[in-house]
>>> print(open('coords.pdb').read())   # PDB, C-alpha atoms
ATOM      1  CA  MET D   1     103.512 120.656  79.183
ATOM      2  CA  GLU D   2     103.494 117.883  76.576
ATOM      3  CA  ILE D   3     101.712 114.644  77.517
ATOM      4  CA  ASP D   4     101.889 111.694  75.110
ATOM      5  CA  ARG D   5     100.069 109.064  77.185
ATOM      6  CA  VAL D   6      97.422 109.173  79.897
ATOM      7  CA  TRP D   7      97.279 106.097  82.089
ATOM      8  CA  ALA D   8      94.417 104.770  84.205
ATOM      9  CA  VAL D   9      96.133 102.643  86.882
ATOM     10  CA  TYR D  10      93.952 101.227  89.636
ATOM     11  CA  PHE D  11      93.024  98.627  92.223
ATOM     12  CA  SER D  12      89.267  98.061  92.122
ATOM     13  CA  ALA D  13      87.730  95.019  93.799
ATOM     14  CA  THR D  14      84.145  96.183  93.116
ATOM     15  CA  ASP D  15      84.784  98.132  89.869
ATOM     16  CA  THR D  16      83.861 101.444  91.541
ATOM     17  CA  THR D  17      87.432 102.794  91.586
ATOM     18  CA  LYS D  18      87.872 101.493  88.035
ATOM     19  CA  LYS D  19      84.845 103.462  86.820
ATOM     20  CA  ILE D  20      86.054 106.703  88.400
ATOM     21  CA  VAL D  21      89.682 106.396  87.290
ATOM     22  CA  THR D  22      88.873 105.321  83.729
ATOM     23  CA  VAL D  23      86.372 108.152  83.240
ATOM     24  CA  LEU D  24      88.916 110.653  84.538
ATOM     25  CA  ALA D  25      91.835 109.278  82.521
ATOM     26  CA  GLY D  26      89.720 108.815  79.379
ATOM     27  CA  GLU D  27      88.478 112.389  79.514
ATOM     28  CA  ALA D  28      92.014 113.682  80.122
ATOM     29  CA  ALA D  29      93.392 111.648  77.195
ATOM     30  CA  ARG D  30      90.657 112.962  74.912
ATOM     31  CA  THR D  31      91.197 116.574  75.978
ATOM     32  CA  LEU D  32      94.991 116.360  75.696
ATOM     33  CA  ARG D  33      94.787 114.317  72.459
ATOM     34  CA  ALA D  34      97.021 111.739  74.069
ATOM     35  CA  GLU D  35      97.105 107.939  73.885
ATOM     36  CA  TYR D  36      94.939 106.225  76.535
ATOM     37  CA  CYS D  37      96.473 103.285  78.430
ATOM     38  CA  GLU D  38      95.106 101.201  81.291
ATOM     39  CA  TYR D  39      96.598  98.937  83.973
ATOM     40  CA  ASP D  40      94.440  97.083  86.514
ATOM     41  CA  PHE D  41      96.447  95.736  89.472
ATOM     42  CA  THR D  42      93.469  94.302  91.371
ATOM     43  CA  LEU D  43      94.431  90.635  91.010
ATOM     44  CA  PRO D  44      97.589  89.461  92.798
ATOM     45  CA  ALA D  45      99.112  88.167  89.537
ATOM     46  CA  SER D  46      99.082  91.714  88.135
ATOM     47  CA  ARG D  47     101.130  92.970  91.087
ATOM     48  CA  LYS D  48     104.244  91.152  89.925
ATOM     49  CA  ASP D  49     104.969  93.405  86.933
ATOM     50  CA  LEU D  50     107.238  96.424  87.168
ATOM     51  CA  LEU D  51     105.404  99.533  85.927
ATOM     52  CA  VAL D  52     107.770 102.128  84.521
ATOM     53  CA  PHE D  53     106.566 105.529  83.372
ATOM     54  CA  GLY D  54     108.323 108.501  81.797
ATOM     55  CA  PRO D  55     108.306 112.296  81.750
ATOM     56  CA  ARG D  56     105.606 112.543  79.044
ATOM     57  CA  ASP D  57     103.152 110.293  80.900
ATOM     58  CA  LEU D  58     100.217 111.413  83.036
ATOM     59  CA  VAL D  59      99.166 108.667  85.438
ATOM     60  CA  ILE D  60      95.745 108.736  87.093
ATOM     61  CA  PHE D  61      96.394 106.421  90.010
ATOM     62  CA  GLY D  62      93.412 105.082  91.991
ATOM     63  CA  THR D  63      92.847 102.999  95.096
ATOM     64  CA  PRO D  64      89.884 102.507  97.395
ATOM     65  CA  VAL D  65      90.050 103.691 100.999
ATOM     66  CA  TYR D  66      90.117 100.942 103.621
ATOM     67  CA  ALA D  67      89.589 102.272 107.163
ATOM     68  CA  GLY D  68      91.019 105.650 106.196
ATOM     69  CA  ARG D  69      94.194 104.365 104.541
ATOM     70  CA  VAL D  70      95.549 102.942 101.299
ATOM     71  CA  PRO D  71      94.891  99.170 101.605
ATOM     72  CA  ASN D  72      97.979  97.808 103.352
ATOM     73  CA  ILE D  73      98.047  94.744 101.101
ATOM     74  CA  LEU D  74      99.008  97.103  98.245
ATOM     75  CA  LEU D  75     101.829  99.031  99.901
ATOM     76  CA  ASP D  76     104.718  96.719  98.966
ATOM     77  CA  PHE D  77     103.625  96.710  95.321
ATOM     78  CA  LEU D  78     103.123 100.481  95.252
ATOM     79  CA  LYS D  79     106.509 101.165  96.812
ATOM     80  CA  GLU D  80     108.586  98.569  94.961
ATOM     81  CA  TYR D  81     107.000  98.052  91.525
ATOM     82  CA  ILE D  82     105.960 101.536  90.390
ATOM     83  CA  LYS D  83     108.646 103.809  88.908
ATOM     84  CA  GLY D  84     107.694 107.380  88.009
ATOM     85  CA  ASN D  85     110.835 108.737  86.316
ATOM     86  CA  HIS D  86     109.385 112.277  86.535
ATOM     87  CA  ALA D  87     105.963 111.370  85.138
ATOM     88  CA  CYS D  88     103.018 113.485  86.265
ATOM     89  CA  ALA D  89     100.542 111.756  88.561
ATOM     90  CA  VAL D  90      97.115 112.347  90.050
ATOM     91  CA  PRO D  91      96.446 110.273  93.184
ATOM     92  CA  VAL D  92      92.750 109.367  93.439
ATOM     93  CA  THR D  93      91.065 107.693  96.380
ATOM     94  CA  VAL D  94      87.518 106.368  96.456
ATOM     95  CA  TYR D  95      85.708 106.169  99.780
ATOM     96  CA  GLY D  96      82.374 104.734 100.863
ATOM     97  CA  ASN D  97      80.585 107.958 101.778
ATOM     98  CA  ARG D  98      82.271 108.472 105.189
ATOM     99  CA  ASN D  99      85.771 110.011 104.891
ATOM    100  CA  TYR D 100      89.020 109.347 103.091
ATOM    101  CA  ASP D 101      91.047 110.320 106.203
ATOM    102  CA  ASP D 102      94.795 109.827 105.451
ATOM    103  CA  ALA D 103      94.479 107.641 102.336
ATOM    104  CA  LEU D 104      94.913 110.443  99.794
ATOM    105  CA  ILE D 105      97.960 111.997 101.457
ATOM    106  CA  GLU D 106      99.461 108.519 101.889
ATOM    107  CA  LEU D 107      98.985 107.695  98.185
ATOM    108  CA  ARG D 108     100.411 111.093  97.219
ATOM    109  CA  ASP D 109     103.478 110.461  99.401
ATOM    110  CA  VAL D 110     104.078 107.019  97.885
ATOM    111  CA  LEU D 111     103.891 108.453  94.355
ATOM    112  CA  GLU D 112     106.247 111.320  95.214
ATOM    113  CA  GLN D 113     108.728 108.850  96.731
ATOM    114  CA  ASN D 114     108.560 106.892  93.470
ATOM    115  CA  ARG D 115     109.675 110.003  91.529
ATOM    116  CA  PHE D 116     106.300 111.164  90.233
ATOM    117  CA  HIS D 117     105.289 114.821  90.185
ATOM    118  CA  THR D 118     101.824 114.992  91.744
ATOM    119  CA  VAL D 119      99.993 117.704  89.811
ATOM    120  CA  ALA D 120      96.507 117.317  91.352
ATOM    121  CA  ALA D 121      94.679 114.967  93.714
ATOM    122  CA  ALA D 122      91.076 113.919  94.218
ATOM    123  CA  ALA D 123      88.842 111.888  96.506
ATOM    124  CA  PHE D 124      85.493 110.703  95.183
ATOM    125  CA  VAL D 125      82.535 108.977  96.835
ATOM    126  CA  GLY D 126      81.651 105.478  95.697
ATOM    127  CA  GLU D 127      79.157 102.910  96.890
ATOM    128  CA  HIS D 128      80.482 101.367 100.091
ATOM    129  CA  SER D 129      81.901  97.908  99.460
ATOM    130  CA  PHE D 130      80.265  96.419 102.589
ATOM    131  CA  SER D 131      76.837  98.019 102.215
ATOM    132  CA  ASP D 132      74.221  98.483  99.534
ATOM    133  CA  THR D 133      72.794 101.567 101.271
ATOM    134  CA  LEU D 134      75.869 103.746 101.937
ATOM    135  CA  GLY D 135      76.501 105.689  98.755
ATOM    136  CA  ARG D 136      74.074 103.483  96.819
ATOM    137  CA  GLY D 137      74.662 103.768  93.071
ATOM    138  CA  ARG D 138      77.629 106.104  93.424
ATOM    139  CA  PRO D 139      79.303 107.235  91.316
ATOM    140  CA  ASP D 140      76.055 108.433  89.747
ATOM    141  CA  ASP D 141      75.523 110.737  86.745
ATOM    142  CA  ARG D 142      76.210 113.834  88.838
ATOM    143  CA  ASP D 143      79.481 112.307  90.116
ATOM    144  CA  VAL D 144      80.543 111.457  86.563
ATOM    145  CA  SER D 145      79.899 115.074  85.555
ATOM    146  CA  LEU D 146      82.125 116.235  88.431
ATOM    147  CA  ILE D 147      84.835 113.774  87.399
ATOM    148  CA  ARG D 148      84.729 115.145  83.843
ATOM    149  CA  GLU D 149      84.893 118.730  85.153
ATOM    150  CA  PHE D 150      87.900 117.778  87.260
ATOM    151  CA  ALA D 151      89.584 116.232  84.204
ATOM    152  CA  PHE D 152      88.954 119.376  82.161
ATOM    153  CA  GLY D 153      90.396 121.619  84.897
ATOM    154  CA  LEU D 154      93.406 119.338  85.243
ATOM    155  CA  CYS D 155      94.099 119.471  81.501
ATOM    156  CA  GLU D 156      93.726 123.250  81.376
ATOM    157  CA  ARG D 157      96.217 123.563  84.212
ATOM    158  CA  LEU D 158      98.706 121.213  82.532
ATOM    159  CA  LYS D 159      98.479 123.172  79.273
ATOM    160  CA  ARG D 160      99.387 126.406  81.108
ATOM    161  CA  THR D 161     102.293 125.117  83.209
ATOM    162  CA  GLU D 162     105.713 123.536  82.916
ATOM    163  CA  LYS D 163     106.897 120.473  84.811
ATOM    164  CA  GLU D 164     109.173 122.679  86.931
ATOM    165  CA  ASP D 165     106.020 124.225  88.431
ATOM    166  CA  TYR D 166     105.344 120.880  90.116
ATOM    167  CA  SER D 167     108.584 120.580  92.062
ATOM    168  CA  ARG D 168     106.569 120.416  95.288
ATOM    169  CA  PRO D 169     103.898 117.796  96.020
ATOM    170  CA  VAL D 170     100.300 118.871  95.485
ATOM    171  CA  TYR D 171      98.627 119.912  98.740
ATOM    172  CA  VAL D 172      96.414 117.244 100.278
ATOM    173  CA  LYS D 173      94.719 117.337 103.674
ATOM    174  CA  GLY D 174      95.517 114.578 106.130
ATOM    175  CA  ASN D 175      97.922 113.483 108.827
ATOM    176  CA  ARG D 176     101.434 112.342 108.126
ATOM    177  CA  LYS D 177     104.107 110.709 110.234
ATOM    178  CA  PRO D 178     102.267 108.953 111.557
ATOM    179  CA  TYR D 179      99.307 108.256 109.322
ATOM    180  CA  ARG D 180      96.266 107.058 111.213
ATOM    181  CA  GLY D 181      96.606 103.459 112.414
ATOM    182  CA  TYR D 182      95.075 100.593 110.501
ATOM    183  CA  TYR D 183      91.791  99.292 111.856
ATOM    184  CA  GLN D 184      92.250  96.603 114.498
ATOM    185  CA  PRO D 185      89.200  94.484 115.361
ATOM    186  CA  ARG D 186      88.385  93.992 119.067
ATOM    187  CA  ASP D 187      86.280  91.500 120.955
ATOM    188  CA  ARG D 188      83.366  92.505 123.227
ATOM    189  CA  LYS D 189      85.769  93.157 126.108
ATOM    190  CA  GLY D 190      87.868  95.553 124.015
ATOM    191  CA  ASN D 191      90.797  93.160 123.535
ATOM    192  CA  PHE D 192      92.537  93.267 120.144
ATOM    193  CA  LEU D 193      91.830  90.171 118.048
ATOM    194  CA  ILE D 194      94.887  90.700 115.852
ATOM    195  CA  SER D 195      98.001  92.534 116.951
ATOM    196  CA  GLU D 196      99.354  95.268 114.659
ATOM    197  CA  LYS D 197     102.812  94.553 113.245
TER     198      LYS D 197
END
>>> encode(input="coords.pdb", output="structure tokens")
Amino acid sequence: MEIDRVWAVYFSATDTTKKIVTVLAGEAARTLRAEYCEYDFTLPASRKDLLVFGPRDLVIFGTPVYAGRVPNILLDFLKEYIKGNHACAVPVTVYGNRNYDDALIELRDVLEQNRFHTVAAAAFVGEHSFSDTLGRGRPDDRDVSLIREFAFGLCERLKRTEKEDYSRPVYVKGNRKPYRGYYQPRDRKGNFLISEK
């Protein structure tokens, strides 16, 4: 399969997801001898642009995990402003050393609905955004080595296959329809503080 451009596309409030996605995409671009491109949609102003990809693009698409899901503040942007046009995609979620739950399958589903072909998927541990002890210093050197190994394996697979081989979404563990509910804070008596829409 011919890939002309490898994209690192990410939301990264603490730069942890950015580090993981850019290492992965950079290594893939180098291995495939493709152009490297980057799009950071962390700031609200960057979620107003339409992102359109094409069949010779590989998009490494990363989000953090918030309470086991893709952050709900991103869903409208992801569903309405990202157009795959048969590009290959790798959904990547970054979680704070507990579990990624349904976030990876949810991101995969959104990308497939946007006409991407998901060719691989990955969840990596990062330092927890609310703690300096959970996953402290992650991704560390060992994690970066694993990310590079993953990129190499991904590129080897792409070199051996045709786009038609990716007519089905990549397998990802998780629950679908429904995904797990978003976290709802409760008071000491167990009453919900905010009602779910």
>>> closest_atom_pairs(input="coords.pdb", of="region 61-85 of chain D", to="region 32-44 of chain D", cutoff="10 Å", atoms="only C-alpha atoms", output="Markdown table")
| residue | atom | partner | partner_atom | distance |
| --- | --- | --- | --- | --- |
| D:Phe61 | CA | D:Tyr39 | CA | 9.6 |
| D:Gly62 | CA | D:Asp40 | CA | 9.7 |
| D:Thr63 | CA | D:Thr42 | CA | 9.5 |
| D:Ile73 | CA | D:Pro44 | CA | 9.9 |
| D:Leu74 | CA | D:Phe41 | CA | 9.2 |
| D:Phe77 | CA | D:Phe41 | CA | 9.3 |
>>> atom_distance(input="coords.pdb", atom1="CA of Glu127 (chain D)", atom2="CA of Leu104 (chain D)")
17.7 Å
>>> atom_distance(input="coords.pdb", atom1="CA of Val9 (chain D)", atom2="CA of Asp57 (chain D)")
12.0 Å
>>> residues_near_point(input="coords.pdb", point="(108.1, 93.5, 94.0)", cutoff="9 Å", atoms="all atoms listed in the file", output="PyMOL selection string")
chain D and resi 47-50+76-81
>>> atom_distance(input="coords.pdb", atom1="CA of Arg180 (chain D)", atom2="CA of Pro91 (chain D)")
18.3 Å
>>> closest_residue(input="coords.pdb", among="D:Phe150, D:Ala67, D:Ser167, D:Arg188", to="Arg115 (chain D)", atoms="only C-alpha atoms")
D:Ser167
>>> axis_aligned_box(input="coords.pdb", around="region 88-94 of chain D", padding_each_side="6 Å", output="lines of an AutoDock Vina configuration file")
center_x = 95.3
center_y = 109.9
center_z = 91.4
size_x = 27.5
size_y = 19.1
size_z = 22.2
>>> closest_residue(input="coords.pdb", among="D:Ala121, D:Leu51, D:Val110, D:Ala103", to="Gly181 (chain D)", atoms="only C-alpha atoms")
D:Ala103
>>> resolve_selection(input="coords.pdb", expression="the PyMOL selection byres ((chain D and resi 17) around 8)", output="number ranges by chain")
D: 10-12, 14-16, 18-21, 62-64, 93-94, 126
>>> write_last_selection(input="coords.pdb", atoms="C-alpha atoms", output="compact mmCIF listing (two decimals), in the frame of the given file")
# COMPACT_ATOMS: atom_id res chain seq x y z
CA TYR D 10 93.95 101.23 89.64
CA PHE D 11 93.02 98.63 92.22
CA SER D 12 89.27 98.06 92.12
CA THR D 14 84.14 96.18 93.12
CA ASP D 15 84.78 98.13 89.87
CA THR D 16 83.86 101.44 91.54
CA LYS D 18 87.87 101.49 88.04
CA LYS D 19 84.84 103.46 86.82
CA ILE D 20 86.05 106.70 88.40
CA VAL D 21 89.68 106.40 87.29
CA GLY D 62 93.41 105.08 91.99
CA THR D 63 92.85 103.00 95.10
CA PRO D 64 89.88 102.51 97.40
CA THR D 93 91.06 107.69 96.38
CA VAL D 94 87.52 106.37 96.46
CA GLY D 126 81.65 105.48 95.70
>>> residues_around(input="coords.pdb", residues="Phe116 (chain D)", least_positions_apart="5", cutoff="6 Å", atoms="all atoms listed in the file", output="ChimeraX atom specification")
/D:84,86-88,111
>>> resolve_selection(input="coords.pdb", expression="the PyMOL selection byres ((chain D and resi 162) around 12)", output="PyMOL selection string")
chain D and resi 1-3+55-56+88+117+119+157-161+163-167
>>> build_atoms(input="coords.pdb", residues="region 84-96 of chain D", atoms="N, CA, C and O atoms", output="compact mmCIF listing (two decimals), in the frame of the given file")
# COMPACT_ATOMS: atom_id res chain seq x y z
N GLY D 84 108.24 106.19 88.65
CA GLY D 84 107.69 107.38 88.01
C GLY D 84 108.59 108.02 86.98
O GLY D 84 108.12 108.46 85.94
N ASN D 85 109.90 108.10 87.25
CA ASN D 85 110.84 108.74 86.32
C ASN D 85 110.34 110.10 85.85
O ASN D 85 110.40 110.42 84.68
N HIS D 86 109.85 110.90 86.79
CA HIS D 86 109.38 112.28 86.54
C HIS D 86 108.09 112.36 85.73
O HIS D 86 107.80 113.40 85.14
N ALA D 87 107.31 111.29 85.73
CA ALA D 87 105.96 111.37 85.14
C ALA D 87 105.08 112.22 86.05
O ALA D 87 105.33 112.35 87.24
N CYS D 88 104.03 112.78 85.48
CA CYS D 88 103.02 113.48 86.26
C CYS D 88 102.02 112.45 86.78
O CYS D 88 101.73 111.47 86.10
N ALA D 89 101.51 112.70 87.98
CA ALA D 89 100.54 111.76 88.56
C ALA D 89 99.43 112.50 89.28
O ALA D 89 99.63 113.60 89.80
N VAL D 90 98.26 111.86 89.30
CA VAL D 90 97.12 112.35 90.05
C VAL D 90 96.67 111.21 90.96
O VAL D 90 96.10 110.22 90.48
N PRO D 91 96.97 111.28 92.27
CA PRO D 91 96.45 110.27 93.18
C PRO D 91 94.94 110.45 93.35
O PRO D 91 94.46 111.58 93.52
N VAL D 92 94.21 109.35 93.30
CA VAL D 92 92.75 109.37 93.44
C VAL D 92 92.37 108.29 94.44
O VAL D 92 92.77 107.13 94.29
N THR D 93 91.60 108.68 95.46
CA THR D 93 91.06 107.69 96.38
C THR D 93 89.55 107.70 96.30
O THR D 93 88.93 108.73 96.02
N VAL D 94 88.96 106.54 96.53
CA VAL D 94 87.52 106.37 96.46
C VAL D 94 87.06 105.81 97.80
O VAL D 94 87.55 104.78 98.25
N TYR D 95 86.14 106.55 98.44
CA TYR D 95 85.71 106.17 99.78
C TYR D 95 84.20 105.98 99.84
O TYR D 95 83.46 106.58 99.07
N GLY D 96 83.77 105.14 100.77
CA GLY D 96 82.37 104.73 100.86
C GLY D 96 81.49 105.68 101.63
O GLY D 96 80.78 105.26 102.54
